[in-house]
>>> print(open('start-v8.cif').read())   # mmCIF, C-alpha atoms
data_input
#
loop_
_atom_site.label_atom_id
_atom_site.label_comp_id
_atom_site.auth_asym_id
_atom_site.auth_seq_id
_atom_site.Cartn_x
_atom_site.Cartn_y
_atom_site.Cartn_z
CA MET A 1 115.32 45.63 -18.36
CA ALA A 2 112.69 43.53 -20.08
CA ILE A 3 111.48 40.51 -18.15
CA ARG A 4 111.45 37.35 -20.29
CA TYR A 5 109.73 34.02 -20.10
CA PRO A 6 112.00 30.92 -20.08
CA ASN A 7 111.31 30.61 -23.83
CA GLY A 8 112.81 34.04 -24.38
CA LYS A 9 109.54 35.75 -25.15
CA GLU A 10 109.23 39.11 -23.53
CA TYR A 11 106.81 39.39 -20.65
CA ARG A 12 104.35 42.20 -20.98
CA GLN A 13 101.99 42.83 -18.18
CA ALA A 14 98.39 43.10 -19.32
CA PRO A 15 96.77 46.35 -18.38
CA PRO A 16 94.73 45.78 -15.19
CA ASN A 17 91.55 46.91 -16.89
CA LYS A 18 90.36 48.78 -19.94
CA LYS A 19 89.98 52.01 -18.08
CA MET A 20 93.72 52.20 -17.54
CA GLU A 21 94.35 52.07 -21.28
CA LYS A 22 92.62 55.35 -21.85
CA PRO A 23 94.89 58.36 -21.99
CA LEU A 24 94.30 60.63 -19.06
CA LYS A 25 93.45 63.99 -20.60
CA ASP A 26 94.49 65.79 -17.49
CA ALA A 27 96.18 64.06 -14.65
CA THR A 28 95.36 66.63 -12.00
CA PHE A 29 93.29 65.49 -9.09
CA SER A 30 90.14 67.36 -9.99
CA ASN A 31 89.89 66.27 -13.59
CA ARG A 32 91.35 62.90 -14.30
CA GLY A 33 89.67 62.32 -17.62
CA MET A 34 87.12 60.03 -15.96
CA THR A 35 83.52 60.30 -16.95
CA LEU A 36 80.87 60.98 -14.35
CA GLU A 37 79.59 57.45 -14.85
CA GLU A 38 83.01 55.93 -14.22
CA ASP A 39 83.43 58.02 -11.07
CA ILE A 40 80.03 56.93 -9.77
CA ASN A 41 80.67 53.28 -10.61
CA GLU A 42 83.94 53.40 -8.68
CA THR A 43 82.20 55.13 -5.80
CA ASN A 44 79.52 52.42 -5.76
CA ALA A 45 82.20 49.72 -5.79
CA TYR A 46 83.85 51.46 -2.82
CA TYR A 47 80.54 51.55 -0.91
CA LEU A 48 79.83 47.92 -1.79
CA ASN A 49 83.25 46.56 -0.85
CA ARG A 50 83.23 48.35 2.49
CA GLY A 51 79.73 47.17 3.37
CA ILE A 52 78.33 50.72 3.34
CA ALA A 53 75.62 50.36 0.70
CA VAL A 54 74.52 48.18 -2.21
CA ILE A 55 73.99 50.49 -5.17
CA HIS A 56 74.39 49.46 -8.81
CA LYS A 57 74.04 51.05 -12.20
CA LYS A 58 71.32 49.49 -14.30
CA PRO A 59 72.36 48.08 -17.68
CA VAL A 60 71.69 50.19 -20.78
CA PRO A 61 68.26 49.16 -22.11
CA VAL A 62 68.54 47.57 -25.53
CA GLN A 63 65.89 46.21 -27.87
CA ILE A 64 67.37 43.03 -29.32
CA VAL A 65 66.16 42.21 -32.83
CA ARG A 66 68.51 39.53 -34.16
CA VAL A 67 70.85 37.07 -32.47
CA ASP A 68 73.22 34.63 -34.15
CA TYR A 69 74.25 31.42 -32.46
CA PRO A 70 77.54 30.35 -34.04
CA ALA A 71 78.48 26.75 -33.31
CA ARG A 72 80.64 26.40 -30.21
CA SER A 73 80.70 30.17 -29.65
CA ALA A 74 78.81 32.64 -27.57
CA ALA A 75 75.59 34.07 -28.98
CA VAL A 76 76.22 37.26 -30.96
CA ILE A 77 73.66 40.05 -31.04
CA LYS A 78 73.67 41.21 -34.67
CA GLU A 79 70.95 43.82 -34.57
CA ALA A 80 69.73 45.81 -31.61
CA TYR A 81 68.61 49.34 -30.82
CA PHE A 82 69.00 51.63 -27.85
CA ARG A 83 65.76 52.10 -25.96
CA GLN A 84 64.87 55.03 -23.78
CA ALA A 85 65.26 54.12 -20.12
CA SER A 86 61.98 54.14 -18.22
CA THR A 87 63.62 54.79 -14.88
CA THR A 88 66.82 56.30 -13.53
CA ASP A 89 70.31 54.84 -13.90
CA TYR A 90 71.19 53.95 -10.32
CA ASN A 91 69.38 52.35 -7.44
CA GLY A 92 70.00 50.28 -4.36
CA VAL A 93 69.78 50.14 -0.60
CA TYR A 94 71.43 52.18 2.17
CA LYS A 95 70.53 51.66 5.82
CA GLY A 96 67.39 49.84 4.79
CA ARG A 97 66.15 52.75 2.66
CA TYR A 98 65.58 52.53 -1.05
CA ILE A 99 67.92 54.89 -2.92
CA ASP A 100 67.31 56.01 -6.52
CA PHE A 101 69.23 58.55 -8.54
CA GLU A 102 70.29 59.89 -11.87
CA ALA A 103 73.59 61.56 -12.81
CA LYS A 104 73.78 64.31 -15.42
CA GLU A 105 76.52 66.45 -16.89
CA THR A 106 76.43 69.80 -18.60
CA LYS A 107 79.01 71.82 -20.49
CA ILE A 108 77.15 75.03 -19.74
CA ALA A 109 78.89 77.01 -17.01
CA SER A 110 76.19 79.15 -15.41
CA SER A 111 73.06 77.02 -15.28
CA PHE A 112 71.75 73.49 -15.61
CA PRO A 113 69.22 72.92 -18.45
CA LEU A 114 66.21 70.88 -17.36
CA LYS A 115 65.94 69.29 -20.78
CA ASN A 116 68.57 66.86 -19.51
CA PHE A 117 65.72 65.06 -17.78
CA HIS A 118 62.89 63.17 -19.39
CA GLU A 119 59.35 63.44 -18.13
CA HIS A 120 59.25 59.72 -17.27
CA GLN A 121 62.41 60.03 -15.16
CA ILE A 122 60.79 62.81 -13.16
CA ASN A 123 57.64 60.70 -12.81
CA HIS A 124 59.68 57.73 -11.71
CA MET A 125 61.50 59.72 -9.01
CA LYS A 126 58.19 61.18 -7.86
CA GLN A 127 56.75 57.67 -7.48
CA VAL A 128 59.86 56.54 -5.61
CA GLU A 129 59.50 59.39 -3.10
CA SER A 130 55.79 58.73 -2.69
CA HIS A 131 56.68 55.19 -1.58
CA GLY A 132 59.21 56.34 0.98
CA GLY A 133 62.31 55.94 -1.16
CA ILE A 134 64.99 58.62 -1.49
CA ALA A 135 65.44 60.12 -4.96
CA PHE A 136 68.04 62.67 -5.98
CA VAL A 137 70.28 63.74 -8.82
CA ILE A 138 74.00 64.32 -9.09
CA ILE A 139 74.79 67.21 -11.42
CA ARG A 140 78.26 67.79 -12.82
CA PHE A 141 79.41 71.01 -14.44
CA SER A 142 82.10 69.61 -16.68
CA LYS A 143 83.86 72.95 -17.31
CA THR A 144 84.63 73.46 -13.64
CA ASP A 145 84.23 69.86 -12.44
CA GLU A 146 81.79 71.00 -9.78
CA LEU A 147 79.37 68.38 -8.47
CA TYR A 148 76.03 69.04 -6.81
CA PHE A 149 73.77 66.71 -4.88
CA LEU A 150 70.22 67.88 -5.58
CA PRO A 151 67.33 66.24 -3.71
CA PHE A 152 64.41 65.32 -5.94
CA GLN A 153 61.99 67.62 -4.12
CA ALA A 154 64.07 70.65 -5.08
CA LEU A 155 64.48 69.43 -8.66
CA TYR A 156 60.73 68.92 -8.85
CA THR A 157 60.10 72.54 -7.82
CA PHE A 158 62.21 73.75 -10.74
CA TRP A 159 60.56 71.23 -13.05
CA CYS A 160 57.08 72.51 -12.12
CA ARG A 161 58.22 76.12 -12.56
CA MET A 162 59.26 75.24 -16.11
CA ASN A 163 55.95 73.51 -16.82
CA GLU A 164 54.15 76.62 -15.62
CA GLY A 165 56.00 78.68 -18.22
CA GLY A 166 59.02 79.62 -16.13
CA ARG A 167 62.69 79.27 -16.98
CA LYS A 168 63.91 76.01 -18.49
CA SER A 169 67.01 75.73 -16.35
CA ILE A 170 68.31 75.93 -12.80
CA THR A 171 70.73 78.78 -12.23
CA LYS A 172 73.97 78.15 -10.39
CA ASP A 173 72.77 80.42 -7.56
CA GLU A 174 69.57 78.43 -7.21
CA LEU A 175 71.54 75.19 -7.19
CA SER A 176 73.88 76.49 -4.52
CA ALA A 177 70.88 77.42 -2.40
CA CYS A 178 69.08 74.08 -2.44
CA SER A 179 71.71 71.44 -3.09
CA MET A 180 74.98 70.32 -1.55
CA LEU A 181 78.33 70.76 -3.24
CA LEU A 182 80.07 67.38 -3.35
CA PRO A 183 83.80 67.48 -2.75
CA LEU A 184 85.82 65.35 -5.15
CA GLY A 185 87.78 62.66 -3.40
CA LEU A 186 89.96 59.71 -4.15
CA SER A 187 88.08 57.03 -2.28
CA PRO A 188 85.28 57.35 -2.66
CA ARG A 189 85.51 59.63 -5.67
CA ILE A 190 82.07 61.16 -5.26
CA PRO A 191 81.03 60.85 -1.61
CA TYR A 192 77.33 61.29 -2.30
CA LEU A 193 76.22 59.20 0.68
CA ASP A 194 77.74 61.82 3.00
CA ALA A 195 75.36 64.38 1.52
CA LEU A 196 72.48 61.91 1.67
CA GLU A 197 73.25 61.14 5.29
CA ARG A 198 73.20 64.81 6.23
CA MET A 199 70.00 65.54 4.35
CA TYR A 200 67.85 62.49 5.10
CA PHE A 201 69.09 60.71 8.23
CA MET B 1 35.86 42.03 -46.51
CA ALA B 2 39.35 43.44 -46.79
CA ILE B 3 39.72 47.12 -46.00
CA ARG B 4 41.78 48.94 -48.64
CA TYR B 5 43.67 52.20 -48.80
CA PRO B 6 42.63 54.67 -51.53
CA ASN B 7 45.53 53.32 -53.62
CA GLY B 8 44.01 49.85 -53.50
CA LYS B 9 46.58 48.41 -51.15
CA GLU B 10 45.05 46.21 -48.52
CA TYR B 11 45.01 47.57 -44.98
CA ARG B 12 46.41 45.20 -42.42
CA GLN B 13 46.22 46.17 -38.83
CA ALA B 14 49.54 45.84 -37.06
CA PRO B 15 49.40 43.52 -34.08
CA PRO B 16 49.06 45.64 -30.91
CA ASN B 17 52.31 44.25 -29.55
CA LYS B 18 54.68 41.36 -30.02
CA LYS B 19 53.25 39.42 -27.14
CA MET B 20 49.97 39.03 -28.99
CA GLU B 21 51.73 37.40 -31.92
CA LYS B 22 52.77 34.42 -29.86
CA PRO B 23 50.43 31.45 -30.07
CA LEU B 24 48.84 30.75 -26.73
CA LYS B 25 49.86 27.19 -25.95
CA ASP B 26 47.04 26.75 -23.56
CA ALA B 27 44.32 29.27 -23.05
CA THR B 28 43.19 28.02 -19.64
CA PHE B 29 43.42 30.38 -16.74
CA SER B 30 46.33 28.71 -14.99
CA ASN B 31 48.62 28.41 -17.98
CA ARG B 32 48.09 31.07 -20.58
CA GLY B 33 51.33 30.57 -22.41
CA MET B 34 52.83 33.56 -20.61
CA THR B 35 56.38 33.33 -19.42
CA LEU B 36 57.17 33.91 -15.78
CA GLU B 37 58.90 37.14 -16.78
CA GLU B 38 55.83 38.41 -18.62
CA ASP B 39 53.61 37.58 -15.66
CA ILE B 40 55.92 39.42 -13.26
CA ASN B 41 56.21 42.42 -15.57
CA GLU B 42 52.43 42.67 -15.74
CA THR B 43 52.22 42.30 -11.98
CA ASN B 44 54.75 45.10 -11.53
CA ALA B 45 52.78 47.30 -13.92
CA TYR B 46 49.67 46.60 -11.85
CA TYR B 47 51.46 47.55 -8.62
CA LEU B 48 52.91 50.67 -10.24
CA ASN B 49 49.66 51.91 -11.78
CA ARG B 50 47.74 51.47 -8.53
CA GLY B 51 50.38 53.25 -6.48
CA ILE B 52 51.20 50.11 -4.48
CA ALA B 53 54.92 49.75 -5.23
CA VAL B 54 57.61 50.84 -7.70
CA ILE B 55 59.35 47.68 -8.89
CA HIS B 56 61.00 47.27 -12.28
CA LYS B 57 62.88 44.60 -14.15
CA LYS B 58 66.45 45.57 -14.93
CA PRO B 59 67.46 45.54 -18.60
CA VAL B 60 69.41 42.53 -19.89
CA PRO B 61 73.11 43.36 -19.53
CA VAL B 62 74.78 43.56 -22.91
CA GLN B 63 78.39 44.25 -23.88
CA ILE B 64 78.20 46.52 -26.91
CA VAL B 65 81.10 46.12 -29.33
CA ARG B 66 80.06 47.85 -32.55
CA VAL B 67 77.47 50.51 -33.31
CA ASP B 68 76.56 51.91 -36.73
CA TYR B 69 75.14 55.39 -37.11
CA PRO B 70 73.24 55.43 -40.40
CA ALA B 71 72.45 58.94 -41.64
CA ARG B 72 69.04 60.14 -40.47
CA SER B 73 68.31 56.85 -38.67
CA ALA B 74 68.62 55.55 -35.17
CA ALA B 75 71.95 54.06 -34.11
CA VAL B 76 72.09 50.32 -34.80
CA ILE B 77 74.01 47.98 -32.55
CA LYS B 78 75.74 45.58 -34.97
CA GLU B 79 77.75 43.49 -32.55
CA ALA B 80 77.06 42.85 -28.90
CA TYR B 81 77.24 39.99 -26.41
CA PHE B 82 75.15 38.90 -23.47
CA ARG B 83 76.89 39.50 -20.18
CA GLN B 84 76.20 37.69 -16.95
CA ALA B 85 74.09 39.82 -14.64
CA SER B 86 75.91 40.83 -11.47
CA THR B 87 72.73 41.29 -9.48
CA THR B 88 69.14 40.02 -9.54
CA ASP B 89 66.54 40.88 -12.17
CA TYR B 90 64.02 42.90 -10.19
CA ASN B 91 64.24 45.62 -7.58
CA GLY B 92 62.33 48.58 -6.27
CA VAL B 93 60.58 50.11 -3.30
CA TYR B 94 57.53 49.04 -1.28
CA LYS B 95 56.43 50.93 1.84
CA GLY B 96 59.83 52.59 2.03
CA ARG B 97 61.67 49.25 2.04
CA TYR B 98 64.13 48.17 -0.60
CA ILE B 99 62.86 45.04 -2.42
CA ASP B 100 65.12 42.78 -4.48
CA PHE B 101 64.27 39.50 -6.12
CA GLU B 102 64.96 36.93 -8.77
CA ALA B 103 62.48 34.71 -10.60
CA LYS B 104 63.37 31.19 -11.74
CA GLU B 105 61.58 28.40 -13.51
CA THR B 106 62.20 24.69 -13.58
CA LYS B 107 60.75 21.86 -15.66
CA ILE B 108 61.60 19.35 -12.96
CA ALA B 109 58.50 18.31 -11.03
CA SER B 110 59.74 17.20 -7.63
CA SER B 111 62.57 19.56 -6.67
CA PHE B 112 64.24 22.85 -7.52
CA PRO B 113 67.90 22.61 -8.61
CA LEU B 114 70.10 25.21 -6.94
CA LYS B 115 72.30 25.46 -10.04
CA ASN B 116 69.64 27.90 -11.29
CA PHE B 117 71.36 30.50 -9.12
CA HIS B 118 74.80 31.97 -9.60
CA GLU B 119 77.12 32.54 -6.69
CA HIS B 120 77.15 36.30 -7.31
CA GLN B 121 73.35 36.46 -7.20
CA ILE B 122 73.39 34.77 -3.80
CA ASN B 123 76.10 37.18 -2.64
CA HIS B 124 74.11 40.13 -3.92
CA MET B 125 70.97 39.08 -2.05
CA LYS B 126 73.01 38.48 1.08
CA GLN B 127 74.40 42.01 0.85
CA VAL B 128 70.91 43.41 0.28
CA GLU B 129 69.62 41.72 3.44
CA SER B 130 72.62 42.87 5.46
CA HIS B 131 71.67 46.45 4.57
CA GLY B 132 68.07 46.05 5.65
CA GLY B 133 66.59 45.30 2.24
CA ILE B 134 64.22 42.43 1.55
CA ALA B 135 65.47 39.73 -0.81
CA PHE B 136 63.52 36.73 -2.02
CA VAL B 137 62.97 34.48 -5.02
CA ILE B 138 59.91 33.46 -6.95
CA ILE B 139 60.13 29.85 -8.11
CA ARG B 140 57.86 28.45 -10.78
CA PHE B 141 57.38 24.76 -11.48
CA SER B 142 56.40 24.97 -15.12
CA LYS B 143 54.89 21.46 -15.32
CA THR B 144 52.27 22.22 -12.69
CA ASP B 145 52.37 26.02 -12.85
CA GLU B 146 52.95 26.21 -9.11
CA LEU B 147 54.60 29.34 -7.78
CA TYR B 148 56.49 29.69 -4.53
CA PHE B 149 57.66 32.79 -2.69
CA LEU B 150 60.90 31.82 -0.97
CA PRO B 151 62.57 34.32 1.40
CA PHE B 152 66.30 34.68 0.84
CA GLN B 153 67.17 33.46 4.35
CA ALA B 154 65.58 30.07 3.59
CA LEU B 155 67.22 29.88 0.17
CA TYR B 156 70.56 30.65 1.79
CA THR B 157 70.17 27.77 4.22
CA PHE B 158 69.78 25.35 1.29
CA TRP B 159 72.65 27.04 -0.55
CA CYS B 160 74.96 26.55 2.44
CA ARG B 161 73.86 22.93 2.80
CA MET B 162 74.91 22.34 -0.81
CA ASN B 163 78.25 24.06 -0.27
CA GLU B 164 78.85 21.80 2.71
CA GLY B 165 78.40 18.75 0.49
CA GLY B 166 74.64 18.30 0.89
CA ARG B 167 72.00 17.94 -1.81
CA LYS B 168 72.09 20.29 -4.78
CA SER B 169 68.38 21.00 -4.82
CA ILE B 170 65.43 21.95 -2.67
CA THR B 171 62.78 19.26 -2.48
CA LYS B 172 59.13 20.16 -2.96
CA ASP B 173 58.45 19.22 0.67
CA GLU B 174 61.20 21.52 1.90
CA LEU B 175 59.86 24.32 -0.28
CA SER B 176 56.34 23.83 1.06
CA ALA B 177 57.70 24.04 4.59
CA CYS B 178 59.59 27.31 4.28
CA SER B 179 57.98 29.27 1.47
CA MET B 180 54.53 30.51 0.55
CA LEU B 181 52.52 29.15 -2.33
CA LEU B 182 51.45 32.05 -4.54
CA PRO B 183 47.97 31.78 -6.00
CA LEU B 184 47.75 32.68 -9.68
CA GLY B 185 45.45 35.59 -10.31
CA LEU B 186 44.31 37.83 -13.08
CA SER B 187 45.21 41.19 -11.61
CA PRO B 188 47.75 41.05 -10.35
CA ARG B 189 48.86 37.83 -11.98
CA ILE B 190 51.40 36.92 -9.30
CA PRO B 191 50.43 38.64 -6.05
CA TYR B 192 53.87 38.37 -4.51
CA LEU B 193 53.49 41.50 -2.38
CA ASP B 194 50.72 39.74 -0.42
CA ALA B 195 53.25 37.08 0.59
CA LEU B 196 55.87 39.74 1.30
CA GLU B 197 53.42 41.68 3.44
CA ARG B 198 52.59 38.62 5.53
CA MET B 199 56.20 37.61 5.98
CA TYR B 200 57.96 40.93 6.58
CA PHE B 201 55.48 43.57 7.73
#
>>> encode(input="start-v8.cif", output="structure tokens")
Amino acid sequence: MAIRYPNGKEYRQAPPNKKMEKPLKDATFSNRGMTLEEDINETNAYYLNRGIAVIHKKPVPVQIVRVDYPARSAAVIKEAYFRQASTTDYNGVYKGRYIDFEAKETKIASSFPLKNFHEHQINHMKQVESHGGIAFVIIRFSKTDELYFLPFQALYTFWCRMNEGGRKSITKDELSACSMLLPLGLSPRIPYLDALERMYF
Amino acid sequence: MAIRYPNGKEYRQAPPNKKMEKPLKDATFSNRGMTLEEDINETNAYYLNRGIAVIHKKPVPVQIVRVDYPARSAAVIKEAYFRQASTTDYNGVYKGRYIDFEAKETKIASSFPLKNFHEHQINHMKQVESHGGIAFVIIRFSKTDELYFLPFQALYTFWCRMNEGGRKSITKDELSACSMLLPLGLSPRIPYLDALERMYF
């Protein structure tokens, strides 16, 4: 039965947020049609709300060229361009330590191509580690929905191998050997601090 | 004499960067027409290049509504809006510690109005401190070009006083009592890590 306002107009509940409007491609637990970014954002919100850690995604860097200021309205950006990020996407604090990471997805099933990283991201993570911060990457194989927590030091070994003329990717076997498989959960969705805790604390 | 291309067209050197195009209001040492943000960005670059700390400004948060993809050109954002930042502007790592701060300017000479901060920024800094990070603010009095390093704990005391019905600003005397005056320099321009070092390490 439709619920109606006193004026007879039908009451329709607004969707709680935009995310809910999206059709779920696959409603199974392991692949709910969420992007890696959405899963990490929800995980960070979980950690924040429970007082576990303060970790946020940085805004997308944009070069703003033209802004209109319509009378009595909010400023409208009319021309802007995407800039390449100079750092990683996520950072924050956990148990007093500085945490810094990047999340990447691949559709390839058997290996992870290193071209997913930019030189300056690698340099940034290297600098972070040299100052006592903790840098790592979360890698998602979208075909199988497998997630790996790879410490920066291991990633850097593969990166250097590539720069010395070696292979341009990390094989699944190599990943299994030097990273931790992250189980998918409901809350938090991607419990990456469990892996971090076991590896660094 | 004008330099010309072989086709006779006059050569005009492009300005090295946008910053140089701005007229310097006042070329004296203490007020070079630089904004507080520019000074802090240069300071962060100094700290980064000398291996002292890794601290970056976060990009301006923007809600992107419409993007055009012209053939063979970069994507152009055609409609976007400024969003309110949910955190502070700057964060990073120094000696393994998580650093988080906000920089604010006022044209008022005798006090600093607390309305320059948003509730969520205060909450964010409170969370950072509760996780062992270091949060603070840099306050600039633009009339006199005085800069203060104010630890979050002191700021929070004034914030609570306001919420309990007290004054809505921090007087200059109060600031002098519980913050550190930052000398203006050339490199780095705003040596805020010196103040941080003396207060927290």
>>> residues_around(input="start-v8.cif", residues="stretch 136-142 of chain B", least_positions_apart="5", cutoff="8 Å", atoms="all atoms listed in the file", output="PyMOL selection string")
chain B and resi 36+100-109+125+147-152
>>> closest_residue(input="start-v8.cif", among="B:Asn91, B:Trp159, B:Ala154, B:Pro70", to="B:Asn123", atoms="all atoms listed in the file")
B:Trp159
>>> interface_residues(input="start-v8.cif", of="chain A", to="chain B", cutoff="7 Å", atoms="all atoms listed in the file", output="PDB file with C-alpha atoms, in the frame of the given file")
ATOM      1  CA  ALA A  53      75.620  50.360   0.700  1.00  0.00           C
ATOM      2  CA  VAL A  54      74.520  48.180  -2.210  1.00  0.00           C
ATOM      3  CA  LYS A  58      71.320  49.490 -14.300  1.00  0.00           C
ATOM      4  CA  PRO A  59      72.360  48.080 -17.680  1.00  0.00           C
ATOM      5  CA  VAL A  60      71.690  50.190 -20.780  1.00  0.00           C
ATOM      6  CA  PRO A  61      68.260  49.160 -22.110  1.00  0.00           C
ATOM      7  CA  ALA A  75      75.590  34.070 -28.980  1.00  0.00           C
ATOM      8  CA  VAL A  76      76.220  37.260 -30.960  1.00  0.00           C
ATOM      9  CA  ILE A  77      73.660  40.050 -31.040  1.00  0.00           C
ATOM     10  CA  LYS A  78      73.670  41.210 -34.670  1.00  0.00           C
ATOM     11  CA  GLU A  79      70.950  43.820 -34.570  1.00  0.00           C
ATOM     12  CA  ALA A  80      69.730  45.810 -31.610  1.00  0.00           C
ATOM     13  CA  TYR A  81      68.610  49.340 -30.820  1.00  0.00           C
ATOM     14  CA  VAL A  93      69.780  50.140  -0.600  1.00  0.00           C
ATOM     15  CA  TYR A  94      71.430  52.180   2.170  1.00  0.00           C
ATOM     16  CA  LYS A  95      70.530  51.660   5.820  1.00  0.00           C
ATOM     17  CA  GLY A  96      67.390  49.840   4.790  1.00  0.00           C
ATOM     18  CA  ARG A  97      66.150  52.750   2.660  1.00  0.00           C
ATOM     19  CA  TYR A  98      65.580  52.530  -1.050  1.00  0.00           C
ATOM     20  CA  GLN A 127      56.750  57.670  -7.480  1.00  0.00           C
ATOM     21  CA  VAL A 128      59.860  56.540  -5.610  1.00  0.00           C
ATOM     22  CA  HIS A 131      56.680  55.190  -1.580  1.00  0.00           C
ATOM     23  CA  GLY A 132      59.210  56.340   0.980  1.00  0.00           C
ATOM     24  CA  GLY A 133      62.310  55.940  -1.160  1.00  0.00           C
TER      25      GLY A 133
END
>>> atom_distance(input="start-v8.cif", atom1="atom CA of A:Phe201", atom2="atom CA of A:Leu181")
17.8 Å
>>> axis_aligned_box(input="start-v8.cif", around="stretch 45-61 of chain A", padding_each_side="4 Å", output="lines of an AutoDock Vina configuration file")
center_x = 76.1
center_y = 49.1
center_z = -9.4
size_x = 23.6
size_y = 13.0
size_z = 33.5
>>> resolve_selection(input="start-v8.cif", expression="the PyMOL selection byres ((chain B and resi 111) around 6)", output="list in words")
Ser110, Phe112, Ile170, Thr171 and Lys172 of chain B
>>> write_last_selection(input="start-v8.cif", atoms="C-alpha atoms", output="PDB file, keeping the file's coordinate frame")
ATOM      1  CA  SER B 110      59.740  17.200  -7.630  1.00  0.00           C
ATOM      2  CA  PHE B 112      64.240  22.850  -7.520  1.00  0.00           C
ATOM      3  CA  ILE B 170      65.430  21.950  -2.670  1.00  0.00           C
ATOM      4  CA  THR B 171      62.780  19.260  -2.480  1.00  0.00           C
ATOM      5  CA  LYS B 172      59.130  20.160  -2.960  1.00  0.00           C
TER       6      LYS B 172
END
>>> atom_distance(input="start-v8.cif", atom1="atom CA of B:Tyr47", atom2="atom CA of B:Leu193")
8.9 Å
>>> atom_distance(input="start-v8.cif", atom1="atom CA of A:Leu184", atom2="atom CA of A:Asp145")
8.7 Å
>>> residues_near_point(input="start-v8.cif", point="(55.0, 40.1, -10.3)", cutoff="8 Å", atoms="only C-alpha atoms", output="ChimeraX atom specification")
/B:39-44,188-192
>>> closest_residue(input="start-v8.cif", among="A:Thr35, A:Asn116, A:Gln121, A:Ser73", to="A:Tyr90", atoms="all atoms listed in the file")
A:Gln121
>>> closest_residue(input="start-v8.cif", among="B:Arg161, B:Arg198, B:Glu146, B:Glu38", to="B:Leu182", atoms="all atoms listed in the file")
B:Glu146
>>> closest_residue(input="start-v8.cif", among="B:Leu114, B:Ala45, B:Met180, B:Met34", to="B:Met162", atoms="only C-alpha atoms")
B:Leu114
